[in-house]
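Q: Take a look at run_24.txt, compact mmCIF, N, CA and C atoms:
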# COMPACT_ATOMS: atom_id res chain seq x y z
N CYS A 1 -13.78 0.77 25.11
CA CYS A 1 -14.66 0.95 23.96
C CYS A 1 -15.82 -0.04 24.10
N THR A 2 -17.02 0.44 23.90
CA THR A 2 -18.20 -0.41 24.09
C THR A 2 -18.58 -1.24 22.87
N VAL A 3 -17.84 -1.10 21.76
CA VAL A 3 -18.12 -1.94 20.59
C VAL A 3 -17.79 -3.38 20.96
N PRO A 4 -18.73 -4.30 20.74
CA PRO A 4 -18.49 -5.69 21.12
C PRO A 4 -17.19 -6.24 20.53
N GLY A 5 -16.36 -6.79 21.41
CA GLY A 5 -15.12 -7.39 20.98
C GLY A 5 -13.93 -6.46 20.99
N CYS A 6 -14.12 -5.16 21.18
CA CYS A 6 -12.99 -4.23 21.11
C CYS A 6 -12.14 -4.31 22.37
N GLY A 7 -12.66 -3.93 23.48
CA GLY A 7 -11.93 -4.03 24.73
C GLY A 7 -10.94 -2.93 25.03
N ARG A 8 -10.82 -1.93 24.18
CA ARG A 8 -9.89 -0.84 24.49
C ARG A 8 -10.42 -0.05 25.68
N THR A 9 -9.51 0.40 26.53
CA THR A 9 -9.90 1.10 27.76
C THR A 9 -9.23 2.46 27.91
N ARG A 10 -8.39 2.85 26.97
CA ARG A 10 -7.68 4.13 27.09
C ARG A 10 -7.98 5.01 25.89
N PHE A 11 -7.92 6.33 26.11
CA PHE A 11 -8.09 7.33 25.06
C PHE A 11 -9.43 7.18 24.34
N LEU A 12 -10.50 7.01 25.10
CA LEU A 12 -11.83 6.80 24.53
C LEU A 12 -12.55 8.13 24.31
N HIS A 13 -13.46 8.14 23.35
CA HIS A 13 -14.26 9.32 23.02
C HIS A 13 -15.68 9.09 23.52
N ALA A 14 -16.29 10.12 24.12
CA ALA A 14 -17.71 10.05 24.47
C ALA A 14 -18.50 10.35 23.20
N HIS A 15 -19.41 9.47 22.83
CA HIS A 15 -20.20 9.64 21.61
C HIS A 15 -21.67 9.77 21.97
N HIS A 16 -22.32 10.82 21.45
CA HIS A 16 -23.77 10.98 21.59
C HIS A 16 -24.44 10.07 20.56
N VAL A 17 -25.22 9.10 21.01
CA VAL A 17 -25.90 8.19 20.08
C VAL A 17 -26.88 8.98 19.23
N VAL A 18 -27.74 9.78 19.86
CA VAL A 18 -28.53 10.78 19.14
C VAL A 18 -27.70 12.05 19.24
N TYR A 19 -27.21 12.52 18.10
CA TYR A 19 -26.25 13.62 18.10
C TYR A 19 -26.76 14.82 18.89
N PHE A 20 -25.86 15.43 19.66
CA PHE A 20 -26.16 16.61 20.45
C PHE A 20 -26.68 17.72 19.53
N SER A 21 -26.07 17.84 18.34
CA SER A 21 -26.47 18.89 17.39
C SER A 21 -27.89 18.68 16.86
N ARG A 22 -28.42 17.46 17.05
CA ARG A 22 -29.79 17.16 16.61
C ARG A 22 -30.73 17.00 17.79
N GLY A 23 -30.34 17.60 18.92
CA GLY A 23 -31.21 17.58 20.09
C GLY A 23 -31.02 16.42 21.03
N GLY A 24 -29.99 15.60 20.81
CA GLY A 24 -29.74 14.46 21.69
C GLY A 24 -29.32 14.93 23.07
N PRO A 25 -29.83 14.29 24.10
CA PRO A 25 -29.48 14.69 25.46
C PRO A 25 -28.06 14.30 25.83
N THR A 26 -27.50 15.04 26.78
CA THR A 26 -26.18 14.70 27.31
C THR A 26 -26.40 14.00 28.63
N ASP A 27 -26.85 12.76 28.56
CA ASP A 27 -27.01 11.93 29.75
C ASP A 27 -26.46 10.55 29.45
N LEU A 28 -26.27 9.76 30.47
CA LEU A 28 -25.58 8.48 30.31
C LEU A 28 -26.32 7.51 29.41
N ASP A 29 -27.64 7.65 29.29
CA ASP A 29 -28.38 6.74 28.42
C ASP A 29 -28.21 7.08 26.94
N ASN A 30 -27.63 8.24 26.64
CA ASN A 30 -27.38 8.63 25.25
C ASN A 30 -25.89 8.72 24.93
N LEU A 31 -25.04 8.41 25.88
CA LEU A 31 -23.59 8.50 25.68
C LEU A 31 -22.95 7.14 25.82
N THR A 32 -22.04 6.85 24.90
CA THR A 32 -21.26 5.62 24.99
C THR A 32 -19.81 5.95 24.69
N LEU A 33 -18.90 5.13 25.14
CA LEU A 33 -17.47 5.37 24.92
C LEU A 33 -16.98 4.53 23.76
N LEU A 34 -16.25 5.19 22.85
CA LEU A 34 -15.71 4.52 21.67
C LEU A 34 -14.23 4.86 21.53
N CYS A 35 -13.44 3.89 21.07
CA CYS A 35 -12.04 4.18 20.73
C CYS A 35 -12.04 5.01 19.44
N GLY A 36 -10.92 5.60 19.12
CA GLY A 36 -10.84 6.45 17.93
C GLY A 36 -11.19 5.73 16.64
N GLU A 37 -10.71 4.50 16.50
CA GLU A 37 -10.97 3.76 15.26
C GLU A 37 -12.45 3.46 15.09
N HIS A 38 -13.10 3.02 16.16
CA HIS A 38 -14.53 2.72 16.05
C HIS A 38 -15.36 4.00 15.94
N HIS A 39 -14.92 5.09 16.56
CA HIS A 39 -15.65 6.35 16.43
C HIS A 39 -15.62 6.82 14.97
N ARG A 40 -14.45 6.74 14.33
CA ARG A 40 -14.36 7.12 12.90
C ARG A 40 -15.19 6.17 12.04
N ALA A 41 -15.10 4.87 12.32
CA ALA A 41 -15.87 3.89 11.54
C ALA A 41 -17.37 4.14 11.67
N LEU A 42 -17.81 4.52 12.87
CA LEU A 42 -19.23 4.83 13.07
C LEU A 42 -19.63 6.04 12.22
N HIS A 43 -18.84 7.10 12.28
CA HIS A 43 -19.16 8.31 11.50
C HIS A 43 -18.98 8.09 10.00
N ASP A 44 -18.20 7.10 9.61
CA ASP A 44 -18.09 6.73 8.19
C ASP A 44 -19.25 5.84 7.75
N GLY A 45 -20.13 5.49 8.68
CA GLY A 45 -21.32 4.72 8.34
C GLY A 45 -21.11 3.22 8.27
N LEU A 46 -20.05 2.69 8.91
CA LEU A 46 -19.77 1.27 8.82
C LEU A 46 -20.59 0.43 9.80
N PHE A 47 -21.20 1.05 10.79
CA PHE A 47 -22.10 0.36 11.71
C PHE A 47 -22.97 1.41 12.38
N THR A 48 -23.99 0.96 13.10
CA THR A 48 -24.89 1.88 13.81
C THR A 48 -24.96 1.49 15.28
N ILE A 49 -25.35 2.47 16.08
CA ILE A 49 -25.58 2.24 17.50
C ILE A 49 -26.98 2.75 17.83
N THR A 50 -27.73 1.97 18.59
CA THR A 50 -29.03 2.38 19.08
C THR A 50 -28.98 2.38 20.60
N ALA A 51 -29.46 3.46 21.22
CA ALA A 51 -29.53 3.53 22.68
C ALA A 51 -30.84 2.89 23.12
N ASP A 52 -30.74 1.84 23.92
CA ASP A 52 -31.92 1.11 24.39
C ASP A 52 -32.35 1.52 25.79
N GLY A 53 -31.64 2.46 26.41
CA GLY A 53 -31.95 2.90 27.77
C GLY A 53 -31.16 2.11 28.80
N ASN A 54 -31.04 2.68 29.99
CA ASN A 54 -30.31 2.04 31.09
C ASN A 54 -28.89 1.65 30.71
N GLN A 55 -28.23 2.50 29.92
CA GLN A 55 -26.85 2.28 29.48
C GLN A 55 -26.69 0.98 28.69
N ILE A 56 -27.73 0.58 27.96
CA ILE A 56 -27.67 -0.58 27.08
C ILE A 56 -27.73 -0.09 25.65
N PHE A 57 -26.81 -0.57 24.82
CA PHE A 57 -26.71 -0.13 23.44
C PHE A 57 -26.71 -1.34 22.51
N THR A 58 -27.34 -1.19 21.36
CA THR A 58 -27.34 -2.23 20.35
C THR A 58 -26.48 -1.76 19.19
N PHE A 59 -25.57 -2.61 18.75
CA PHE A 59 -24.69 -2.33 17.63
C PHE A 59 -25.15 -3.18 16.45
N ALA A 60 -25.17 -2.59 15.25
CA ALA A 60 -25.61 -3.33 14.06
C ALA A 60 -24.69 -3.02 12.89
N ASP A 61 -24.53 -4.01 12.00
CA ASP A 61 -23.70 -3.81 10.81
C ASP A 61 -24.50 -3.11 9.73
N LEU A 62 -23.91 -2.95 8.55
CA LEU A 62 -24.57 -2.21 7.46
C LEU A 62 -25.86 -2.87 6.98
N ASN A 63 -26.00 -4.17 7.23
CA ASN A 63 -27.22 -4.88 6.83
C ASN A 63 -28.25 -4.94 7.94
N GLY A 64 -27.99 -4.24 9.05
CA GLY A 64 -28.92 -4.22 10.17
C GLY A 64 -28.80 -5.41 11.10
N ARG A 65 -27.80 -6.28 10.86
CA ARG A 65 -27.61 -7.45 11.73
C ARG A 65 -26.92 -7.02 13.02
N ARG A 66 -27.42 -7.50 14.12
CA ARG A 66 -26.87 -7.17 15.43
C ARG A 66 -25.42 -7.69 15.54
N ILE A 67 -24.54 -6.85 16.08
CA ILE A 67 -23.15 -7.23 16.33
C ILE A 67 -23.06 -7.60 17.80
N ASP A 68 -22.87 -8.88 18.07
CA ASP A 68 -22.78 -9.32 19.45
C ASP A 68 -21.34 -9.39 19.94
N TYR A 69 -20.42 -9.79 19.12
CA TYR A 69 -19.02 -9.87 19.50
C TYR A 69 -18.19 -9.99 18.23
N ALA A 70 -16.93 -9.68 18.37
CA ALA A 70 -16.00 -9.87 17.26
C ALA A 70 -15.28 -11.18 17.49
N PRO A 71 -15.34 -12.11 16.54
CA PRO A 71 -14.65 -13.39 16.75
C PRO A 71 -13.15 -13.18 16.89
N LEU A 72 -12.55 -13.88 17.83
CA LEU A 72 -11.12 -13.77 18.06
C LEU A 72 -10.35 -14.57 17.03
N LEU A 73 -9.22 -14.05 16.62
CA LEU A 73 -8.33 -14.79 15.75
C LEU A 73 -7.40 -15.62 16.63
N SER A 74 -7.10 -16.80 16.20
CA SER A 74 -6.16 -17.61 16.95
C SER A 74 -5.08 -18.11 15.99
N GLY A 75 -3.94 -18.39 16.54
CA GLY A 75 -2.84 -18.86 15.72
C GLY A 75 -1.64 -17.97 15.86
N ASP A 76 -0.52 -18.44 15.37
CA ASP A 76 0.68 -17.62 15.43
C ASP A 76 0.78 -16.75 14.18
N VAL A 77 1.79 -15.91 14.15
CA VAL A 77 1.95 -14.97 13.03
C VAL A 77 2.06 -15.70 11.70
N ASP A 78 2.80 -16.80 11.66
CA ASP A 78 2.95 -17.54 10.40
C ASP A 78 1.60 -18.09 9.92
N ASP A 79 0.82 -18.65 10.86
CA ASP A 79 -0.50 -19.17 10.52
C ASP A 79 -1.41 -18.06 10.00
N LEU A 80 -1.43 -16.92 10.70
CA LEU A 80 -2.28 -15.81 10.28
C LEU A 80 -1.84 -15.25 8.93
N SER A 81 -0.52 -15.18 8.71
CA SER A 81 -0.04 -14.62 7.45
C SER A 81 -0.38 -15.54 6.27
N ARG A 82 -0.47 -16.86 6.51
CA ARG A 82 -0.90 -17.77 5.43
C ARG A 82 -2.38 -17.58 5.13
N ARG A 83 -3.19 -17.39 6.18
CA ARG A 83 -4.64 -17.23 5.99
C ARG A 83 -4.98 -15.87 5.40
N TYR A 84 -4.19 -14.85 5.73
CA TYR A 84 -4.47 -13.49 5.28
C TYR A 84 -3.28 -12.96 4.49
N ARG A 85 -3.02 -13.58 3.34
CA ARG A 85 -1.85 -13.24 2.53
C ARG A 85 -1.86 -11.81 2.02
N HIS A 86 -3.06 -11.21 1.91
CA HIS A 86 -3.14 -9.85 1.38
C HIS A 86 -2.71 -8.79 2.39
N ILE A 87 -2.42 -9.18 3.65
CA ILE A 87 -1.94 -8.23 4.65
C ILE A 87 -0.41 -8.25 4.61
N ASP A 88 0.18 -7.10 4.34
CA ASP A 88 1.63 -7.00 4.25
C ASP A 88 2.29 -7.37 5.57
N PRO A 89 3.46 -8.04 5.52
CA PRO A 89 4.14 -8.45 6.75
C PRO A 89 4.47 -7.29 7.68
N ASP A 90 4.71 -6.09 7.13
CA ASP A 90 5.05 -4.95 7.98
C ASP A 90 3.83 -4.18 8.47
N ALA A 91 2.62 -4.73 8.24
CA ALA A 91 1.41 -4.06 8.70
C ALA A 91 1.31 -4.09 10.22
N VAL A 92 1.95 -5.05 10.87
CA VAL A 92 1.92 -5.14 12.33
C VAL A 92 3.27 -4.69 12.85
N THR A 93 3.38 -3.40 13.11
CA THR A 93 4.61 -2.81 13.60
C THR A 93 4.30 -2.03 14.87
N ALA A 94 4.93 -2.39 15.97
CA ALA A 94 4.67 -1.73 17.25
C ALA A 94 5.34 -0.37 17.29
N ASP A 95 4.53 0.70 17.41
CA ASP A 95 5.09 2.03 17.60
C ASP A 95 4.22 2.81 18.58
N TRP A 96 3.62 2.09 19.52
CA TRP A 96 2.77 2.72 20.52
C TRP A 96 3.39 2.49 21.89
N SER A 97 2.61 2.67 22.95
CA SER A 97 3.16 2.69 24.31
C SER A 97 3.34 1.32 24.94
N GLY A 98 3.31 0.25 24.17
CA GLY A 98 3.66 -1.06 24.70
C GLY A 98 2.52 -1.99 25.01
N GLU A 99 1.25 -1.57 24.79
CA GLU A 99 0.15 -2.50 25.03
C GLU A 99 0.26 -3.66 24.05
N PRO A 100 -0.21 -4.85 24.42
CA PRO A 100 -0.15 -5.97 23.48
C PRO A 100 -1.08 -5.72 22.29
N LEU A 101 -0.68 -6.19 21.13
CA LEU A 101 -1.47 -6.03 19.93
C LEU A 101 -2.69 -6.95 19.99
N ASP A 102 -3.86 -6.38 19.74
CA ASP A 102 -5.09 -7.17 19.63
C ASP A 102 -5.26 -7.47 18.14
N ALA A 103 -4.81 -8.65 17.70
CA ALA A 103 -4.82 -8.99 16.27
C ALA A 103 -6.23 -8.97 15.69
N SER A 104 -7.23 -9.38 16.47
CA SER A 104 -8.60 -9.39 15.99
C SER A 104 -9.06 -7.97 15.68
N PHE A 105 -8.82 -7.06 16.62
CA PHE A 105 -9.23 -5.67 16.43
C PHE A 105 -8.47 -5.04 15.26
N ALA A 106 -7.16 -5.26 15.21
CA ALA A 106 -6.34 -4.66 14.15
C ALA A 106 -6.79 -5.16 12.78
N THR A 107 -7.03 -6.45 12.66
CA THR A 107 -7.46 -7.02 11.38
C THR A 107 -8.84 -6.49 10.99
N ASP A 108 -9.74 -6.39 11.97
CA ASP A 108 -11.08 -5.87 11.71
C ASP A 108 -11.01 -4.44 11.17
N VAL A 109 -10.21 -3.60 11.81
CA VAL A 109 -10.08 -2.21 11.37
C VAL A 109 -9.48 -2.14 9.97
N LEU A 110 -8.42 -2.92 9.70
CA LEU A 110 -7.82 -2.93 8.36
C LEU A 110 -8.83 -3.36 7.30
N LEU A 111 -9.54 -4.44 7.55
CA LEU A 111 -10.50 -4.94 6.56
C LEU A 111 -11.62 -3.94 6.33
N ARG A 112 -12.11 -3.33 7.39
CA ARG A 112 -13.18 -2.32 7.24
C ARG A 112 -12.69 -1.10 6.47
N ASN A 113 -11.47 -0.65 6.77
CA ASN A 113 -10.93 0.50 6.06
C ASN A 113 -10.71 0.20 4.59
N TRP A 114 -10.21 -1.01 4.28
CA TRP A 114 -10.02 -1.38 2.88
C TRP A 114 -11.37 -1.45 2.16
N ASP A 115 -12.39 -1.98 2.84
CA ASP A 115 -13.72 -2.06 2.25
C ASP A 115 -14.29 -0.66 2.02
N LEU A 116 -14.10 0.23 2.98
CA LEU A 116 -14.57 1.61 2.83
C LEU A 116 -13.89 2.29 1.65
N GLU A 117 -12.57 2.11 1.52
CA GLU A 117 -11.83 2.70 0.41
C GLU A 117 -12.31 2.14 -0.93
N LYS A 118 -12.58 0.85 -0.98
CA LYS A 118 -13.08 0.21 -2.21
C LYS A 118 -14.44 0.79 -2.59
N ARG A 119 -15.33 0.97 -1.58
CA ARG A 119 -16.64 1.55 -1.86
C ARG A 119 -16.52 3.00 -2.33
N ARG A 120 -15.59 3.75 -1.74
CA ARG A 120 -15.38 5.15 -2.16
C ARG A 120 -14.89 5.21 -3.60
N ARG A 121 -13.95 4.31 -3.96
CA ARG A 121 -13.44 4.28 -5.34
C ARG A 121 -14.58 3.95 -6.31
N ASN A 122 -15.41 2.95 -5.97
CA ASN A 122 -16.53 2.59 -6.85
C ASN A 122 -17.52 3.74 -6.99
N THR A 123 -17.76 4.47 -5.91
CA THR A 123 -18.65 5.63 -5.98
C THR A 123 -18.07 6.71 -6.88
N ASP A 124 -16.75 6.95 -6.72
CA ASP A 124 -16.07 7.95 -7.56
C ASP A 124 -16.13 7.55 -9.04
N LEU A 125 -15.90 6.26 -9.33
CA LEU A 125 -15.96 5.78 -10.72
C LEU A 125 -17.36 5.92 -11.29
N ALA A 126 -18.37 5.60 -10.49
CA ALA A 126 -19.75 5.72 -10.97
C ALA A 126 -20.12 7.17 -11.21
N ALA A 127 -19.63 8.08 -10.36
CA ALA A 127 -19.94 9.49 -10.54
C ALA A 127 -19.24 10.07 -11.77
N ALA A 128 -18.06 9.54 -12.07
CA ALA A 128 -17.31 10.03 -13.22
C ALA A 128 -17.88 9.52 -14.54
N ALA A 129 -18.65 8.44 -14.49
CA ALA A 129 -19.17 7.84 -15.73
C ALA A 129 -20.31 8.62 -16.31
Can the structure from this file be put into structure tokens for me?

A:
Amino acid sequence: CTVPGCGRTRFLHAHHVVYFSRGGPTDLDNLTLLCGEHHRALHDGLFTITADGNQIFTFADLNGRRIDYAPLLSGDVDDLSRRYRHIDPDAVTADWSGEPLDASFATDVLLRNWDLEKRRRNTDLAAAA
């Protein structure tokens, strides 16, 4: 996955930066590889990608700030659980093919999904008012 800090290398999706349906070319300067979680997050509007040419892409957050890397989490499970008490202890359960858990990536996806859900609820409440 080409999202800074992700590092996933399996089961990647080819993503057209300028959508194919909107006339985007199918060439390497307009295609980047994303893992499923980041591909969904991109289409949910949680970040943007700009193709700069020569297979160089710029990633930006919702405020337009460039995403250079995802900071790594350090510490053991007890330390992380004290710092992130709102994450349930059973949130980290291995049921995949045995790759090591990337705690930074997993935490990032959880936090982004919770934020997206919170924004959807607020939008629904505002529309109902």

Q: Counting only N, CA and C atoms, figure out which residue out of A:Ala51, A:Arg22, A:Ala60, A:Arg10 gets nearest to Gly36 of chain A.

A: A:Arg10

Q: Box time for segment 3-16 of chain A: axis-aligned, enclosing all its listed atoms, 3 Å extra on each side; report centre and edge lengths in Å to one decimal, as JSON.

A:
{"center_x": -16.1, "center_y": 1.8, "center_z": 24.2, "size_x": 22.8, "size_y": 24.4, "size_z": 13.4}

Q: Hey, can you check how far atom CA of Leu42 of chain A sits from atom CA of Ala129 of chain A?

A: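 Answer for the atom CA of Leu42 of chain A to atom CA of Ala129 of chain A separation: 29.0 Å.
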
Q: List the neighbours of segment 13-21 of chain A out to 7 Å using only C-alpha atoms; skip same-chain residues closer than 4 positions along the sequence, and give me the result as a ChimeraX atom specification.

A: /A:25,30-36,49-51

Q: Considering only C-alpha atoms, can you say which of A:His39, A:Asn113, A:Arg120, A:Phe47 comes closest to Arg65 of chain A?

A: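 Among the listed residues, the smallest separation from Arg65 of chain A belongs to A:Phe47.
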
Q: Nearest to Leu111 of chain A among A:Ala41, A:Phe59, A:Asp68, A:Thr48, with distances taken over only C-alpha atoms: which residue is it?

A: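 Between A:Ala41, A:Phe59, A:Asp68, A:Thr48, the residue approaching Leu111 of chain A most closely is A:Ala41.
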
Q: Please supply segment 1-16 of chain A, rebuilt with N, CA, C and O atoms, as a short mmCIF file (atom, residue, chain, number, x, y, z; two decimals), in the coordinates of the input.

A:
data_model
loop_
_atom_site.label_atom_id
_atom_site.label_comp_id
_atom_site.auth_asym_id
_atom_site.auth_seq_id
_atom_site.Cartn_x
_atom_site.Cartn_y
_atom_site.Cartn_z
N CYS A 1 -13.78 0.77 25.11
CA CYS A 1 -14.66 0.95 23.96
C CYS A 1 -15.82 -0.04 24.10
O CYS A 1 -15.61 -1.22 24.38
N THR A 2 -17.02 0.44 23.90
CA THR A 2 -18.20 -0.41 24.09
C THR A 2 -18.58 -1.24 22.87
O THR A 2 -19.52 -2.02 22.93
N VAL A 3 -17.84 -1.10 21.76
CA VAL A 3 -18.12 -1.94 20.59
C VAL A 3 -17.79 -3.38 20.96
O VAL A 3 -16.70 -3.66 21.47
N PRO A 4 -18.73 -4.30 20.74
CA PRO A 4 -18.49 -5.69 21.12
C PRO A 4 -17.19 -6.24 20.53
O PRO A 4 -16.93 -6.10 19.34
N GLY A 5 -16.36 -6.79 21.41
CA GLY A 5 -15.12 -7.39 20.98
C GLY A 5 -13.93 -6.46 20.99
O GLY A 5 -12.81 -6.91 20.83
N CYS A 6 -14.12 -5.16 21.18
CA CYS A 6 -12.99 -4.23 21.11
C CYS A 6 -12.14 -4.31 22.37
O CYS A 6 -10.99 -4.68 22.31
N GLY A 7 -12.66 -3.93 23.48
CA GLY A 7 -11.93 -4.03 24.73
C GLY A 7 -10.94 -2.93 25.03
O GLY A 7 -10.25 -2.98 26.05
N ARG A 8 -10.82 -1.93 24.18
CA ARG A 8 -9.89 -0.84 24.49
C ARG A 8 -10.42 -0.05 25.68
O ARG A 8 -11.62 0.18 25.81
N THR A 9 -9.51 0.40 26.53
CA THR A 9 -9.90 1.10 27.76
C THR A 9 -9.23 2.46 27.91
O THR A 9 -9.52 3.16 28.87
N ARG A 10 -8.39 2.85 26.97
CA ARG A 10 -7.68 4.13 27.09
C ARG A 10 -7.98 5.01 25.89
O ARG A 10 -8.27 4.53 24.80
N PHE A 11 -7.92 6.33 26.11
CA PHE A 11 -8.09 7.33 25.06
C PHE A 11 -9.43 7.18 24.34
O PHE A 11 -9.49 7.18 23.11
N LEU A 12 -10.50 7.01 25.10
CA LEU A 12 -11.83 6.80 24.53
C LEU A 12 -12.55 8.13 24.31
O LEU A 12 -12.28 9.12 24.99
N HIS A 13 -13.46 8.14 23.35
CA HIS A 13 -14.26 9.32 23.02
C HIS A 13 -15.68 9.09 23.52
O HIS A 13 -16.23 8.01 23.34
N ALA A 14 -16.29 10.12 24.12
CA ALA A 14 -17.71 10.05 24.47
C ALA A 14 -18.50 10.35 23.20
O ALA A 14 -18.28 11.37 22.55
N HIS A 15 -19.41 9.47 22.83
CA HIS A 15 -20.20 9.64 21.61
C HIS A 15 -21.67 9.77 21.97
O HIS A 15 -22.21 8.95 22.72
N HIS A 16 -22.32 10.82 21.45
CA HIS A 16 -23.77 10.98 21.59
C HIS A 16 -24.44 10.07 20.56
O HIS A 16 -24.25 10.27 19.36
#
